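Student: The structure is given below, and queries will be raised subsequently.
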Amino acid sequence: MTIHPTAIIESGAQISESATIGPYCVIGPHVVIGDHVELKSHVAVDGRTTIGEGTIVYPFASLGAAPQDLKYAGEPSELIIGKKNTIREHVTMNPGTKDGGMKTVVGDNGLFMMASHVAHDCVVGNNVIMANNATIAGHVTVGDFAIIGGLSAVHQFIRIGDHAIIGGMSGVESDVIPYGRVKGERAHLAGLNLIGLERRGFSKDDLKTLQKAFGKLFGGEGTLDERIEAVAAEYDNQEAVQSIIEFARKKDKFPLCQPPKKA
């Protein structure tokens, strides 16, 4: 264990012997820091926060401080951060609340760039990228391999599907389907994240199938619910398409983000 003499570690904190705690870090009494975690300097970790193996946290990040929710009354909620994340300068992540399951959960292998924010009761998947100043409000769910562009903001309770990409400076007020690409001041669905999917090994045939299904889902006849069921039946053996269908069927608090209406 390497702890700089200027760091403040409160009694009760559990820190792995292989962790590195840099200058002027402050660690609260209920914090758990895993193997090979590195806190660079000036990092504040508070509350019931767990940081998983191999995660690196850069200066002035604040992890586990009380959520920005006026209903929060000091309940012993948690922030659970997974393995091998990179958490850059001034990032903030808050624990859960009693109205949201008492947990905020961040997966593995994420990149959280400067000043990005994960609010209370969010569930963030694996291999997620949040660019500079990207923010997600309370109770947001973010799927695996999603990318949230810089200066974008995601409304509370929104769902963002696996492999989706949010363009920079977008305001996201509707659920984003898996593989979707959204952009705009009030974000609209602009197509599929084809470049990202190609980089992750999706074949040309997979991409063509997804494009055809996307066109029928958002450009066909009938209501959206009718199109969902029609596409589900037509592509019943296509796993990627079915993941979109499953996501669409679960819409609850907010509608699906859709392409802009034609004039």
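How things are named: the first chain in the structure tokens is A, the next is B, and so on; residues count from 1 in each chain; ligands count from 1 in the order shown.
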Leaving out Thr20 (chain A) and any residue of its chain fewer than 4 positions from it, which residues lie within 6 Å of it when counting only C-alpha atoms, given as an NGL selection string?
Tutor: :A and (2-3 or 38)
Student: If you count only C-alpha atoms, which residues fall within 7 Å of Gly22 (chain A), apart from same-chain ones fewer than 5 positions away, as a ChimeraX atom specification?
Tutor: /A:3-4,7,39-41
Student: For Ser152 (chain A), which residue among A:Pro67, A:Gly138, A:Gly82, A:Gly167 is the nearest when counting only C-alpha atoms?
Tutor: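 Under the stated criterion, the closest residue is A:Gly167.
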Student: Quick one: residues within 12 Å of Ala66 (chain A), only C-alpha atoms, excluding same-chain residues fewer than 5 positions away - as a list in words?
Tutor: Val45, Asp46, Gly47, Arg48, Thr49, Lys71, Tyr72, Ala73, Gly74, Glu75, Pro76, Ser77, Glu78, Leu79, Thr92, Met93, Asn94, Pro95, Gly96, Thr97, Thr104, Ala119, His120 and Asp121 of chain A
Student: Pick from A:Gln238, A:Asn126, A:Gln211, A:Gln258: nearest to Leu224 (chain A), with only C-alpha atoms counted?
Tutor: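 Checking each of A:Gln238, A:Asn126, A:Gln211, A:Gln258 against Leu224 (chain A), counting only C-alpha atoms, the winner is A:Gln258.
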Student: With only C-alpha atoms as the counted atoms, please give the residues lying no more than 12 Å from Ile195 (chain A), apart from itself and same-chain residues fewer than 4 positions off, as a ChimeraX atom specification.
Tutor: /A:163-165,179-181,191,199-204,207
Student: Please save N, CA and C atoms of the selected residues as a PDB file, in the first residue's frame.
Tutor:
ATOM      1  N   HIS A 163     -24.503   0.136 -27.180  1.00  0.00           N
ATOM      2  CA  HIS A 163     -23.863   0.572 -28.429  1.00  0.00           C
ATOM      3  C   HIS A 163     -24.462   1.856 -29.010  1.00  0.00           C
ATOM      4  N   ALA A 164     -25.270   2.573 -28.239  1.00  0.00           N
ATOM      5  CA  ALA A 164     -25.816   3.845 -28.734  1.00  0.00           C
ATOM      6  C   ALA A 164     -24.755   4.939 -28.624  1.00  0.00           C
ATOM      7  N   ILE A 165     -24.937   5.993 -29.422  1.00  0.00           N
ATOM      8  CA  ILE A 165     -24.032   7.137 -29.355  1.00  0.00           C
ATOM      9  C   ILE A 165     -24.854   8.416 -29.319  1.00  0.00           C
ATOM     10  N   TYR A 179     -27.941   0.631 -30.403  1.00  0.00           N
ATOM     11  CA  TYR A 179     -27.307   0.903 -31.693  1.00  0.00           C
ATOM     12  C   TYR A 179     -27.713   2.249 -32.288  1.00  0.00           C
ATOM     13  N   GLY A 180     -28.532   3.030 -31.572  1.00  0.00           N
ATOM     14  CA  GLY A 180     -29.027   4.283 -32.113  1.00  0.00           C
ATOM     15  C   GLY A 180     -27.988   5.395 -32.093  1.00  0.00           C
ATOM     16  N   ARG A 181     -28.190   6.363 -32.965  1.00  0.00           N
ATOM     17  CA  ARG A 181     -27.349   7.568 -33.029  1.00  0.00           C
ATOM     18  C   ARG A 181     -28.268   8.764 -32.933  1.00  0.00           C
ATOM     19  N   GLY A 191     -30.234   7.945 -36.933  1.00  0.00           N
ATOM     20  CA  GLY A 191     -29.828   6.730 -37.619  1.00  0.00           C
ATOM     21  C   GLY A 191     -29.221   5.743 -36.649  1.00  0.00           C
ATOM     22  N   ARG A 199     -16.559  -0.916 -35.947  1.00  0.00           N
ATOM     23  CA  ARG A 199     -15.336  -1.006 -35.147  1.00  0.00           C
ATOM     24  C   ARG A 199     -15.406  -2.144 -34.136  1.00  0.00           C
ATOM     25  N   ARG A 200     -16.605  -2.480 -33.694  1.00  0.00           N
ATOM     26  CA  ARG A 200     -16.755  -3.535 -32.684  1.00  0.00           C
ATOM     27  C   ARG A 200     -17.003  -4.908 -33.295  1.00  0.00           C
ATOM     28  N   GLY A 201     -16.832  -5.012 -34.605  1.00  0.00           N
ATOM     29  CA  GLY A 201     -16.832  -6.320 -35.227  1.00  0.00           C
ATOM     30  C   GLY A 201     -18.133  -6.780 -35.821  1.00  0.00           C
ATOM     31  N   PHE A 202     -19.139  -5.915 -35.892  1.00  0.00           N
ATOM     32  CA  PHE A 202     -20.372  -6.298 -36.568  1.00  0.00           C
ATOM     33  C   PHE A 202     -20.088  -6.445 -38.062  1.00  0.00           C
ATOM     34  N   SER A 203     -20.598  -7.490 -38.665  1.00  0.00           N
ATOM     35  CA  SER A 203     -20.348  -7.733 -40.084  1.00  0.00           C
ATOM     36  C   SER A 203     -21.191  -6.815 -40.958  1.00  0.00           C
ATOM     37  N   LYS A 204     -20.830  -6.742 -42.250  1.00  0.00           N
ATOM     38  CA  LYS A 204     -21.610  -5.932 -43.180  1.00  0.00           C
ATOM     39  C   LYS A 204     -23.030  -6.453 -43.295  1.00  0.00           C
ATOM     40  N   LEU A 207     -24.980  -5.234 -40.333  1.00  0.00           N
ATOM     41  CA  LEU A 207     -25.316  -3.820 -40.450  1.00  0.00           C
ATOM     42  C   LEU A 207     -26.438  -3.594 -41.454  1.00  0.00           C
TER      43      LEU A 207
END
Student: Once DSSP has gone over the backbone, tell me which residues of region 28-261 of chain A are in helix (DSSP H, G or I), as a ChimeraX atom specification.
Tutor: /A:98-100,194-199,204-219,224-234,239-249
Student: In Å, how far is it from CA of Ala115 (chain A) to CA of Asn132 (chain A)?
Tutor: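 One can read the CA of Ala115 (chain A) to CA of Asn132 (chain A) distance as 5.9 Å.
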Student: Closest to Ala233 (chain A) among A:Ile245, A:Met102, A:Ile27, A:Leu111, using only C-alpha atoms?
Tutor: A:Ile245
Student: Need the shell around Arg159 (chain A): protein/DNA/RNA residues with any atom at most 12 Å away, counting only C-alpha atoms. Skip same-chain ones fewer than 2 positions apart. Format as a VMD selection string?
Tutor: chain A and resid 122 to 125 136 to 144 146 154 to 157 161 to 162 164 172 to 178 180 247 to 248 250 to 257
Student: Between A:Pro23, A:Gly34, A:Pro29, A:Gly168, which one has atoms that come closest to Phe60 (chain A), using only C-alpha atoms?
Tutor: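 Distance minimum relative to Phe60 (chain A) lands on A:Pro23.
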Student: With distances taken over only C-alpha atoms, which of A:Asp205, A:Lys216, A:Arg249, A:Lys261 is nearest to His188 (chain A)?
Tutor: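 Ranking A:Asp205, A:Lys216, A:Arg249, A:Lys261 by distance to His188 (chain A), first place goes to A:Lys261.
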Student: Kindly give the distance, in Å, that separates CA of Leu70 (chain A) and CA of Gln14 (chain A), rounded to a single decimal.
Tutor: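 Pair CA of Leu70 (chain A) / CA of Gln14 (chain A) returns 29.5 Å.
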